[in-house]
>>> print(open('protein.cif').read())   # mmCIF, C-alpha atoms
data_structure
loop_
_atom_site.label_atom_id
_atom_site.label_comp_id
_atom_site.auth_asym_id
_atom_site.auth_seq_id
_atom_site.Cartn_x
_atom_site.Cartn_y
_atom_site.Cartn_z
CA MET A 1 -37.28 -6.51 77.46
CA GLY A 2 -40.93 -6.02 78.34
CA SER A 3 -44.46 -6.39 76.95
CA VAL A 4 -46.11 -5.02 73.83
CA TRP A 5 -49.77 -3.97 73.70
CA VAL A 6 -52.14 -2.77 71.02
CA ALA A 7 -53.94 0.27 72.43
CA GLU A 8 -56.55 2.78 71.32
CA HIS A 9 -55.47 6.40 70.94
CA VAL A 10 -58.49 8.19 72.40
CA SER A 11 -58.11 11.60 70.76
CA LEU A 12 -56.91 10.32 67.36
CA ARG A 13 -59.31 7.34 67.38
CA THR A 14 -56.70 4.99 65.98
CA GLN A 15 -54.83 1.96 67.18
CA VAL A 16 -51.19 2.22 68.24
CA VAL A 17 -48.56 -0.04 69.78
CA VAL A 18 -47.41 0.58 73.36
CA LYS A 19 -44.21 -1.11 74.47
CA PHE A 20 -43.65 -1.30 78.24
CA MET A 21 -40.34 -2.09 79.85
CA SER A 22 -40.42 -4.89 82.39
CA LYS A 23 -40.15 -3.96 86.05
CA GLU A 24 -37.11 -6.19 86.48
CA LEU A 25 -35.17 -4.26 83.82
CA ALA A 26 -36.50 -0.87 84.92
CA SER A 27 -34.04 -0.95 87.82
CA SER A 28 -31.08 -1.29 85.42
CA ALA A 29 -29.67 2.03 84.27
CA GLU A 30 -28.17 0.41 81.17
CA ALA A 31 -31.48 -1.21 80.20
CA VAL A 32 -33.38 2.05 80.68
CA ALA A 33 -30.81 3.89 78.56
CA ARG A 34 -31.17 1.32 75.81
CA PHE A 35 -34.95 1.62 75.95
CA SER A 36 -34.80 5.40 75.66
CA ARG A 37 -32.21 5.13 72.90
CA GLU A 38 -34.61 3.07 70.81
CA ALA A 39 -37.22 5.84 70.81
CA ALA A 40 -34.75 8.69 70.30
CA ALA A 41 -32.77 7.07 67.48
CA ALA A 42 -35.80 6.00 65.48
CA SER A 43 -37.33 9.48 65.84
CA GLN A 44 -34.19 11.14 64.47
CA VAL A 45 -34.08 9.00 61.33
CA LYS A 46 -36.51 10.73 59.00
CA SER A 47 -37.41 7.89 56.67
CA PRO A 48 -40.73 6.26 55.80
CA HIS A 49 -38.89 2.93 56.04
CA VAL A 50 -38.30 3.37 59.78
CA VAL A 51 -41.07 2.63 62.28
CA GLN A 52 -42.62 5.88 63.48
CA MET A 53 -42.31 6.78 67.16
CA LEU A 54 -45.24 8.72 68.61
CA ASP A 55 -44.37 9.16 72.29
CA HIS A 56 -42.00 8.07 75.05
CA GLY A 57 -42.05 8.45 78.81
CA VAL A 58 -42.61 6.75 82.13
CA ALA A 59 -46.08 5.51 83.07
CA ALA A 60 -47.64 6.59 86.34
CA GLU A 61 -48.49 4.31 89.22
CA PRO A 62 -49.14 1.44 89.50
CA LEU A 63 -47.07 0.60 86.40
CA SER A 64 -44.20 3.05 86.92
CA ALA A 65 -42.49 1.64 83.84
CA PRO A 66 -40.90 3.33 80.83
CA TYR A 67 -42.99 3.06 77.66
CA ILE A 68 -42.79 3.80 73.94
CA VAL A 69 -45.79 4.53 71.72
CA MET A 70 -45.30 3.71 68.05
CA GLU A 71 -47.35 3.18 64.92
CA LEU A 72 -49.20 -0.10 64.49
CA LEU A 73 -47.86 -2.18 61.60
CA GLU A 74 -49.87 -4.95 60.00
CA GLY A 75 -48.08 -7.78 58.26
CA ARG A 76 -45.21 -9.96 59.50
CA ASP A 77 -41.47 -9.76 59.89
CA LEU A 78 -38.99 -11.21 57.44
CA GLU A 79 -37.95 -13.99 59.81
CA HIS A 80 -41.45 -15.49 59.89
CA HIS A 81 -41.84 -14.91 56.16
CA ILE A 82 -38.70 -16.87 55.28
CA ARG A 83 -39.69 -19.58 57.72
CA ALA A 84 -43.04 -19.91 55.95
CA VAL A 85 -41.98 -19.79 52.28
CA GLY A 86 -38.26 -20.58 52.23
CA ASN A 87 -36.05 -18.59 49.87
CA LEU A 88 -37.72 -15.60 48.30
CA GLN A 89 -37.99 -14.77 44.63
CA PRO A 90 -35.09 -12.54 43.50
CA GLY A 91 -37.35 -9.58 42.83
CA GLU A 92 -38.92 -9.76 46.28
CA ALA A 93 -35.56 -10.10 48.02
CA LEU A 94 -34.18 -7.22 45.99
CA ALA A 95 -37.09 -4.97 46.92
CA ILE A 96 -36.42 -5.68 50.60
CA VAL A 97 -32.70 -4.90 50.29
CA VAL A 98 -33.36 -1.69 48.36
CA GLN A 99 -35.84 -0.35 50.91
CA LEU A 100 -33.63 -1.35 53.84
CA SER A 101 -30.74 0.48 52.22
CA ARG A 102 -32.89 3.62 52.07
CA ALA A 103 -33.54 3.43 55.80
CA LEU A 104 -29.88 2.79 56.55
CA SER A 105 -28.76 5.63 54.29
CA LYS A 106 -30.86 8.07 56.32
CA ALA A 107 -29.54 6.67 59.60
CA HIS A 108 -25.91 6.77 58.47
CA GLU A 109 -26.33 10.37 57.32
CA ARG A 110 -27.16 11.23 60.94
CA GLY A 111 -24.18 9.23 62.19
CA ILE A 112 -26.45 6.52 63.63
CA VAL A 113 -25.37 2.87 63.39
CA HIS A 114 -28.20 0.39 63.94
CA ARG A 115 -25.99 -2.57 64.94
CA ASP A 116 -28.87 -5.08 64.97
CA ILE A 117 -29.96 -5.65 61.37
CA LYS A 118 -31.63 -9.06 61.24
CA PRO A 119 -34.80 -10.57 59.69
CA SER A 120 -36.87 -10.20 62.85
CA ASN A 121 -36.23 -6.43 62.78
CA VAL A 122 -37.37 -6.15 59.16
CA PHE A 123 -41.14 -5.79 58.93
CA LEU A 124 -43.04 -6.43 55.69
CA CYS A 125 -46.21 -4.40 55.12
CA ASP A 126 -48.63 -4.72 52.25
CA ALA A 127 -48.50 -1.50 50.22
CA GLY A 128 -51.39 -2.57 47.99
CA ALA A 129 -51.50 -3.92 44.44
CA GLY A 130 -49.14 -6.73 45.38
CA GLU A 131 -46.32 -4.42 46.45
CA LEU A 132 -44.57 -4.75 49.79
CA PHE A 133 -43.31 -1.93 51.96
CA VAL A 134 -40.42 -2.47 54.39
CA LYS A 135 -40.05 -0.95 57.85
CA LEU A 136 -36.89 -1.18 59.95
CA LEU A 137 -37.51 -1.80 63.67
CA ASP A 138 -35.68 -1.76 67.01
CA PHE A 139 -32.99 0.89 67.36
CA GLY A 140 -32.40 -0.29 70.92
CA ILE A 141 -28.65 -0.80 70.54
CA ALA A 142 -28.10 1.95 67.99
CA LYS A 143 -24.96 4.02 68.35
CA GLY A 144 -24.61 7.65 67.35
CA PRO A 145 -23.34 11.11 68.27
CA GLU A 146 -26.65 12.66 69.30
CA VAL A 147 -27.63 13.18 72.92
CA GLY A 148 -29.34 10.07 74.29
CA ILE A 149 -27.91 7.85 71.57
CA ALA A 150 -24.32 7.62 72.70
CA GLY A 151 -22.88 4.17 73.02
CA SER A 152 -21.33 4.82 76.40
CA THR A 153 -23.58 2.24 77.99
CA THR A 154 -21.98 -0.50 75.89
CA ARG A 155 -18.78 -1.74 77.45
CA THR A 156 -15.79 -2.53 75.28
CA GLY A 157 -15.60 -6.28 74.77
CA SER A 158 -19.29 -6.91 75.44
CA LEU A 159 -21.34 -8.73 72.84
CA VAL A 160 -24.11 -6.47 71.49
CA GLY A 161 -26.38 -7.65 68.68
CA SER A 162 -27.51 -10.93 67.15
CA PRO A 163 -24.49 -13.24 66.62
CA TYR A 164 -25.61 -14.79 63.32
CA TYR A 165 -25.72 -11.35 61.66
CA MET A 166 -22.73 -9.68 63.36
CA SER A 167 -19.72 -8.41 61.47
CA PRO A 168 -16.26 -9.70 62.44
CA GLU A 169 -15.47 -6.46 64.27
CA GLN A 170 -18.77 -6.62 66.13
CA VAL A 171 -18.23 -10.23 67.19
CA VAL A 172 -14.98 -9.37 68.96
CA GLY A 173 -16.56 -6.30 70.56
CA ALA A 174 -14.38 -3.72 68.84
CA LYS A 175 -14.83 -0.20 70.14
CA ASN A 176 -14.67 1.79 66.91
CA ILE A 177 -17.58 0.22 64.99
CA ASP A 178 -19.01 2.34 62.20
CA TYR A 179 -21.78 2.12 59.60
CA ARG A 180 -20.00 -0.64 57.68
CA THR A 181 -21.06 -3.18 60.28
CA ASP A 182 -24.66 -2.52 59.15
CA LEU A 183 -23.62 -3.24 55.55
CA TRP A 184 -22.24 -6.62 56.60
CA SER A 185 -25.48 -7.47 58.41
CA LEU A 186 -27.53 -6.37 55.40
CA GLY A 187 -25.47 -8.70 53.21
CA VAL A 188 -26.19 -11.60 55.56
CA VAL A 189 -29.92 -10.81 55.52
CA ALA A 190 -29.87 -10.69 51.69
CA TYR A 191 -28.11 -14.09 51.57
CA GLU A 192 -30.74 -15.63 53.81
CA ALA A 193 -33.59 -14.11 51.81
CA LEU A 194 -32.19 -15.40 48.49
CA THR A 195 -31.24 -18.90 49.70
CA GLY A 196 -33.51 -19.56 52.68
CA GLN A 197 -30.54 -20.35 54.97
CA ARG A 198 -27.99 -18.46 57.03
CA PRO A 199 -24.48 -18.11 55.63
CA PHE A 200 -22.79 -18.60 59.02
CA TYR A 201 -23.82 -21.19 61.56
CA GLY A 202 -22.21 -22.72 64.62
CA GLU A 203 -23.49 -24.76 67.55
CA THR A 204 -21.54 -22.62 69.97
CA MET A 205 -20.57 -18.99 70.02
CA GLY A 206 -16.92 -19.93 69.52
CA ALA A 207 -17.67 -22.06 66.47
CA LEU A 208 -19.80 -19.31 65.00
CA ALA A 209 -17.08 -16.71 65.57
CA LEU A 210 -14.55 -18.89 63.75
CA LYS A 211 -16.80 -19.24 60.73
CA ILE A 212 -17.35 -15.49 60.61
CA HIS A 213 -13.63 -14.70 60.99
CA ARG A 214 -11.76 -17.51 59.28
CA ASP A 215 -13.77 -19.90 57.09
CA PRO A 216 -14.18 -19.15 53.38
CA LEU A 217 -17.28 -17.14 52.58
CA PRO A 218 -20.16 -19.27 51.28
CA ARG A 219 -21.45 -18.71 47.76
CA PRO A 220 -25.17 -17.87 47.35
CA ALA A 221 -25.30 -19.59 43.95
CA SER A 222 -24.19 -22.86 45.57
CA ALA A 223 -27.15 -22.76 47.96
CA ASN A 224 -29.56 -21.58 45.23
CA PRO A 225 -28.47 -22.62 41.70
CA ALA A 226 -31.05 -20.29 40.16
CA LEU A 227 -28.92 -17.29 41.17
CA PRO A 228 -26.28 -15.95 38.77
CA SER A 229 -22.60 -15.93 39.66
CA ALA A 230 -22.74 -12.13 39.88
CA VAL A 231 -24.55 -12.53 43.19
CA ASP A 232 -21.54 -14.46 44.55
CA ALA A 233 -19.26 -11.54 43.72
CA TRP A 234 -21.73 -9.13 45.30
CA PHE A 235 -21.88 -11.12 48.54
CA ALA A 236 -18.08 -11.43 48.69
CA ARG A 237 -17.81 -7.65 48.72
CA ALA A 238 -20.80 -7.03 50.99
CA CYS A 239 -19.34 -9.36 53.64
CA ALA A 240 -15.67 -8.67 53.15
CA ARG A 241 -13.89 -9.23 56.42
CA GLU A 242 -11.99 -5.97 56.11
CA PRO A 243 -14.42 -3.02 56.43
CA ASP A 244 -12.45 -0.99 53.87
CA GLU A 245 -13.15 -3.65 51.22
CA ARG A 246 -16.93 -3.44 51.61
CA PHE A 247 -19.26 -1.16 49.73
CA ALA A 248 -18.88 2.53 50.47
CA SER A 249 -22.56 3.09 51.25
CA ALA A 250 -25.89 1.33 51.54
CA LYS A 251 -27.02 2.90 48.27
CA GLU A 252 -23.99 1.60 46.39
CA MET A 253 -24.61 -1.83 47.89
CA ALA A 254 -28.25 -1.89 46.73
CA ASP A 255 -27.43 -0.62 43.25
CA ALA A 256 -24.79 -3.33 42.88
CA LEU A 257 -27.35 -6.00 43.76
CA VAL A 258 -29.74 -4.55 41.18
CA ALA A 259 -27.01 -4.97 38.57
CA ALA A 260 -26.24 -8.51 39.74
CA LEU A 261 -29.88 -9.58 39.42
CA ARG A 262 -30.57 -7.65 36.21
CA ASP A 263 -31.08 -10.80 34.16
CA LEU A 264 -33.71 -12.15 36.58
CA MET A 265 -35.99 -9.12 36.79
CA PRO A 266 -37.05 -6.04 34.80
CA ALA A 267 -34.67 -3.13 34.76
CA GLY A 268 -35.51 0.16 36.43
CA LEU A 269 -35.25 -0.61 40.14
CA SER A 270 -32.99 1.98 41.76
CA LEU A 271 -32.64 3.95 44.92
CA ASP A 272 -33.23 7.08 42.88
CA SER A 273 -36.68 5.93 41.78
CA GLY A 274 -39.70 7.29 43.56
CA ARG A 275 -41.40 3.94 44.06
CA THR A 276 -40.34 0.33 44.18
CA PRO A 277 -41.68 -1.72 41.26
CA LYS A 278 -43.91 -4.63 42.03
CA PRO A 279 -41.70 -7.51 43.21
CA ILE A 280 -41.60 -10.52 40.94
CA GLY A 281 -43.15 -13.61 42.46
CA LEU A 282 -45.01 -11.83 45.26
CA GLU A 283 -48.33 -13.28 44.11
CA THR A 284 -46.75 -16.73 43.82
CA THR A 285 -45.38 -16.43 47.33
CA GLN A 286 -48.78 -15.49 48.66
CA ALA A 287 -50.49 -18.29 46.77
CA ASP A 288 -48.04 -20.87 48.03
CA ALA A 289 -48.05 -19.72 51.62
CA GLY A 290 -51.65 -18.56 51.91
CA PRO A 291 -52.65 -15.06 52.93
CA LEU A 292 -49.51 -13.20 53.91
CA PHE A 293 -50.79 -9.80 55.00
CA ARG A 294 -53.80 -8.44 56.72
CA SER A 295 -55.34 -5.24 55.41
CA ALA A 296 -52.48 -2.80 55.93
CA SER A 297 -52.61 0.81 54.83
CA ASP A 298 -49.92 2.15 52.50
CA ALA A 299 -47.29 3.53 54.80
CA ARG A 300 -46.23 5.98 52.09
CA SER A 301 -49.59 7.74 52.37
CA GLU A 302 -48.69 8.65 55.96
CA THR A 303 -45.81 10.73 54.59
CA GLY A 304 -48.12 12.81 52.40
CA ALA A 305 -47.14 11.19 49.09
CA GLY A 306 -50.74 10.92 47.95
CA VAL A 307 -52.13 14.19 49.33
CA GLY A 308 -51.35 16.29 46.29
CA LEU A 309 -53.17 13.96 43.89
CA ALA A 310 -56.26 13.85 46.07
CA SER A 311 -56.28 17.64 46.43
CA GLN A 312 -56.04 18.15 42.69
CA LYS A 313 -58.95 15.83 42.08
CA VAL A 314 -61.11 17.61 44.64
CA ALA A 315 -60.17 21.02 43.22
CA ALA A 316 -61.04 19.97 39.67
CA SER A 317 -64.39 18.60 40.79
CA SER A 318 -65.14 21.81 42.69
CA ARG A 319 -64.35 23.96 39.67
CA ALA A 320 -66.67 21.87 37.50
CA ARG A 321 -69.51 22.28 39.99
CA TRP A 322 -69.01 26.05 40.21
CA ILE A 323 -68.98 26.38 36.42
CA LEU A 324 -72.23 24.41 36.22
CA VAL A 325 -73.86 26.51 38.94
CA ALA A 326 -72.72 29.73 37.26
CA GLY A 327 -74.11 28.57 33.92
CA ILE A 328 -77.48 27.76 35.47
CA ALA A 329 -77.56 31.13 37.22
CA VAL A 330 -76.80 33.04 34.01
CA GLY A 331 -79.46 31.06 32.15
CA ALA A 332 -82.02 31.77 34.86
CA ILE A 333 -81.26 35.51 34.74
CA GLY A 334 -81.55 35.51 30.97
CA VAL A 335 -84.91 33.73 31.04
CA GLY A 336 -86.18 36.07 33.74
CA PHE A 337 -85.18 39.07 31.62
CA ILE A 338 -86.53 37.90 28.25
CA VAL A 339 -89.80 36.16 29.14
CA PRO A 340 -91.47 39.22 30.72
CA ARG A 341 -90.62 41.26 27.65
CA LEU A 342 -92.28 38.70 25.41
CA THR A 343 -95.43 38.33 27.50
CA ARG A 344 -95.88 41.98 28.54
CA SER A 345 -98.92 43.70 26.96
CA GLU A 346 -98.25 46.61 24.64
CA PRO A 347 -100.20 49.88 25.10
CA GLN A 348 -103.67 49.82 23.54
CA LYS A 349 -103.54 50.95 19.98
CA THR A 350 -106.29 51.72 17.53
CA GLY A 351 -106.49 49.18 14.80
CA PRO A 352 -105.64 50.06 11.25
CA GLU A 353 -108.33 50.91 8.77
CA LEU A 354 -110.36 47.95 7.66
CA PRO A 355 -110.20 47.15 4.02
CA SER A 356 -113.11 48.39 1.96
CA ALA A 357 -115.92 46.10 0.92
CA ALA A 358 -114.85 46.35 -2.65
CA ALA A 359 -111.41 45.22 -1.71
CA ALA A 360 -112.87 42.38 0.34
CA ALA A 361 -115.02 41.31 -2.58
CA SER A 362 -112.27 41.66 -5.09
CA PRO A 363 -111.24 38.34 -6.59
CA THR A 364 -107.59 39.41 -6.48
CA ALA A 365 -107.59 40.27 -2.78
CA ASP A 366 -105.08 38.35 -0.67
CA PRO A 367 -107.10 35.84 1.39
CA THR A 368 -104.54 36.11 4.25
CA PRO A 369 -104.88 39.31 6.28
CA THR A 370 -101.16 40.13 6.42
CA ALA A 371 -101.82 43.80 7.00
CA ILE A 372 -102.78 43.07 10.64
CA PRO A 373 -99.91 41.55 12.65
CA THR A 374 -101.10 38.84 14.93
CA ALA A 375 -98.60 39.86 17.59
CA ILE A 376 -100.43 43.19 18.20
CA PRO A 377 -104.00 42.86 19.46
CA THR A 378 -106.61 45.08 17.72
CA ALA A 379 -110.01 46.23 18.73
CA THR A 380 -111.65 44.57 15.73
CA PRO A 381 -110.68 40.93 15.16
CA THR A 382 -110.94 39.34 11.77
CA ALA A 383 -111.93 35.83 10.93
CA THR A 384 -108.35 34.90 10.20
CA GLN A 385 -106.89 36.20 13.47
CA THR A 386 -105.40 33.35 15.48
CA ALA A 387 -103.57 35.20 18.28
CA THR A 388 -105.46 35.31 21.56
CA PRO A 389 -105.84 38.94 22.64
CA PRO A 390 -104.89 39.91 26.20
CA ALA A 391 -107.57 39.81 28.82
CA THR A 392 -107.45 43.60 29.25
CA ALA A 393 -108.39 44.36 25.66
CA THR A 394 -112.01 45.33 24.92
CA PHE A 395 -113.45 43.96 21.69
CA ARG A 396 -116.44 45.37 19.89
CA PRO A 397 -117.18 43.13 16.95
CA ARG A 398 -118.81 44.77 13.97
CA PRO A 399 -120.94 43.03 11.40
CA ARG A 400 -119.00 41.92 8.45
CA PRO A 401 -120.12 40.64 5.07
CA ALA A 402 -120.52 36.91 4.99
CA ALA A 403 -117.94 36.72 2.25
CA ALA A 404 -115.20 38.02 4.57
CA THR A 405 -113.71 34.66 5.44
CA SER A 406 -110.21 33.34 5.48
CA VAL A 407 -110.69 32.40 1.85
CA THR A 408 -112.76 34.90 -0.11
CA PRO A 409 -114.64 33.21 -2.97
CA SER A 410 -114.94 34.94 -6.30
CA LEU A 411 -118.26 36.82 -6.87
CA PRO A 412 -120.12 36.23 -10.12
CA SER A 413 -120.23 39.19 -12.48
CA ALA A 414 -123.55 41.05 -12.74
CA LYS A 415 -125.49 40.75 -16.06
CA ALA A 416 -128.38 42.91 -17.32
CA ALA A 417 -131.76 41.16 -17.50
CA PRO A 418 -133.04 40.70 -21.11
CA PRO A 419 -136.19 42.64 -22.06
CA PRO A 420 -139.40 40.63 -21.94
CA THR A 421 -140.70 39.15 -25.18
CA ASP A 422 -144.19 38.94 -26.54
CA ASP A 423 -144.49 35.36 -25.46
CA ASP A 424 -143.68 36.31 -21.92
CA ILE A 425 -146.35 38.98 -21.97
CA LYS A 426 -148.83 36.51 -23.20
#
>>> encode(input="protein.cif", output="structure tokens")
Amino acid sequence: MGSVWVAEHVSLRTQVVVKFMSKELASSAEAVARFSREAAAASQVKSPHVVQMLDHGVAAEPLSAPYIVMELLEGRDLEHHIRAVGNLQPGEALAIVVQLSRALSKAHERGIVHRDIKPSNVFLCDAGAGELFVKLLDFGIAKGPEVGIAGSTTRTGSLVGSPYYMSPEQVVGAKNIDYRTDLWSLGVVAYEALTGQRPFYGETMGALALKIHRDPLPRPASANPALPSAVDAWFARACAREPDERFASAKEMADALVAALRDLMPAGLSLDSGRTPKPIGLETTQADAGPLFRSASDARSETGAGVGLASQKVAASSRARWILVAGIAVGAIGVGFIVPRLTRSEPQKTGPELPSAAAAASPTADPTPTAIPTAIPTATPTATQTATPPATATFRPRPRPAAATSVTPSLPSAKAAPPPTDDDIK
């Protein structure tokens, strides 16, 4: 169809995929219509499991070729994965079918029929933590009612699609093909993923058509004895030759496979769930086959699934910082208000009357001068004063009795001298 390039988006500073149509096909109106249909159909299916289209147009000279710009996916398609590891573990195959059914449900709601479901159009991305994320590719032969997606370019009786995965009505080129042909193809893909081999094979197109139309349907449990018989019943309905006997929707088809494989994996996997549980055996598959994926970003993050959590975390951190800053500011204001009041000098006051000498000499006097608060500086310091007076105070020390110390000793009582005796006179 053309060439595919990895390019750098200059303004977004990210890598994208650019698909150019070959010059030989650019002269074919039908090929150009199919190329445009691929971009339009994929853009109208609003599902994270469909490759995202970014732009579409015709390049200027010297290329002069139609092009499509789409997101760059990192990983590998299901065809190469099965070729490398053989049949997949039931949980891994189930996760692929469930996610594909989500993409097809969105397409069928818009009246779009893919018509080319096959392993090479199923891309496996690494969603992190051992989980895989599935993207559906190539809506080039999609059919639908929207402008630019009409199937008028497909002639009745022409073979459109990949023969190994075509439904009986698609093999014969029936005109009125609806969404149930996609359900058949999805059943064939599931069979190949669970068993490692295709259910229908023929060396020629005629032989293959006979197997699809006439031969008994193969049983998955015969090709893989580890599968329960419930999977055989599921496949018989998924690939019923009469479209009316198939499942009514892609969701019903996926839920039925969940029930069929219930005994081989934990319960809880459903189309109604918000996330696909970690597939069983994914680590084993990677260990056996070597590194499967390169570092791929979680495609669900591109849809905004993780934005709310990140915003809440940032908001909580911001509130904590503001509370801390406000607390520091209030504390600083409080300190600035209280400290000056504690260190500010009071107006000069005259000291209280000094205690009398008799009181100072009294043995019952309190040795601690509690009558003079140390917080208020006085003009006359005492020996027991410990507070340092402000520099502006003027001190005029007065002589004090030597006994006026912090501890006043007791004074001996005075006694009258005895009168002199005759011997003293002599």
>>> resolve_selection(input="protein.cif", expression="the PyMOL selection byres ((chain A and resi 71-79) around 8)", output="list in words")
Val6, Gln15, Val16, Val17, Val51, Gln52, Met53, Leu54, Val69, Met70, His80, His81, Ile82, Arg83, Pro119, Ser120, Asn121, Val122, Phe123, Leu124, Cys125, Asp126, Leu292, Phe293, Arg294, Ser295 and Ala296 of chain A
>>> atom_distance(input="protein.cif", atom1="CA of Thr204 in chain A", atom2="CA of Tyr165 in chain A")
14.6 Å
>>> closest_residue(input="protein.cif", among="A:Glu245, A:Glu131, A:Asp138, A:Asp182", to="Leu104 in chain A", atoms="only C-alpha atoms")
A:Asp182
>>> residues_near_point(input="protein.cif", point="(-12.4, -7.2, 55.2)", cutoff="12 Å", atoms="all atoms listed in the file", output="PyMOL selection string")
chain A and resi 167-169+180-181+183-184+212-214+217+236-247
>>> atom_distance(input="protein.cif", atom1="CA of Ala29 in chain A", atom2="CA of Ala142 in chain A")
16.4 Å
>>> closest_residue(input="protein.cif", among="A:His108, A:Lys23, A:Lys135, A:Lys175", to="Val58 in chain A", atoms="all atoms listed in the file")
A:Lys23
>>> closest_residue(input="protein.cif", among="A:Val134, A:Ser222, A:Val171, A:Val4", to="Leu94 in chain A", atoms="only C-alpha atoms")
A:Val134
>>> residues_near_point(input="protein.cif", point="(-30.5, -15.5, 52.1)", cutoff="10 Å", atoms="only C-alpha atoms", output="VMD selection string")
chain A and resid 82 86 to 88 93 187 to 199 220 223 to 224
>>> atom_distance(input="protein.cif", atom1="CA of Gly111 in chain A", atom2="CA of Tyr179 in chain A")
7.9 Å
>>> closest_residue(input="protein.cif", among="A:Val18, A:Leu136, A:Ala26, A:Ala254", to="Asp55 in chain A", atoms="only C-alpha atoms")
A:Val18
>>> resolve_selection(input="protein.cif", expression="the PyMOL selection byres ((chain A and resi 163) around 10)", output="ChimeraX atom specification")
/A:116,118,159-162,164-168,170-171,200-202,205,208-209,212
>>> closest_residue(input="protein.cif", among="A:Ala107, A:Val172, A:Leu132, A:Val231", to="Ala250 in chain A", atoms="all atoms listed in the file")
A:Ala107
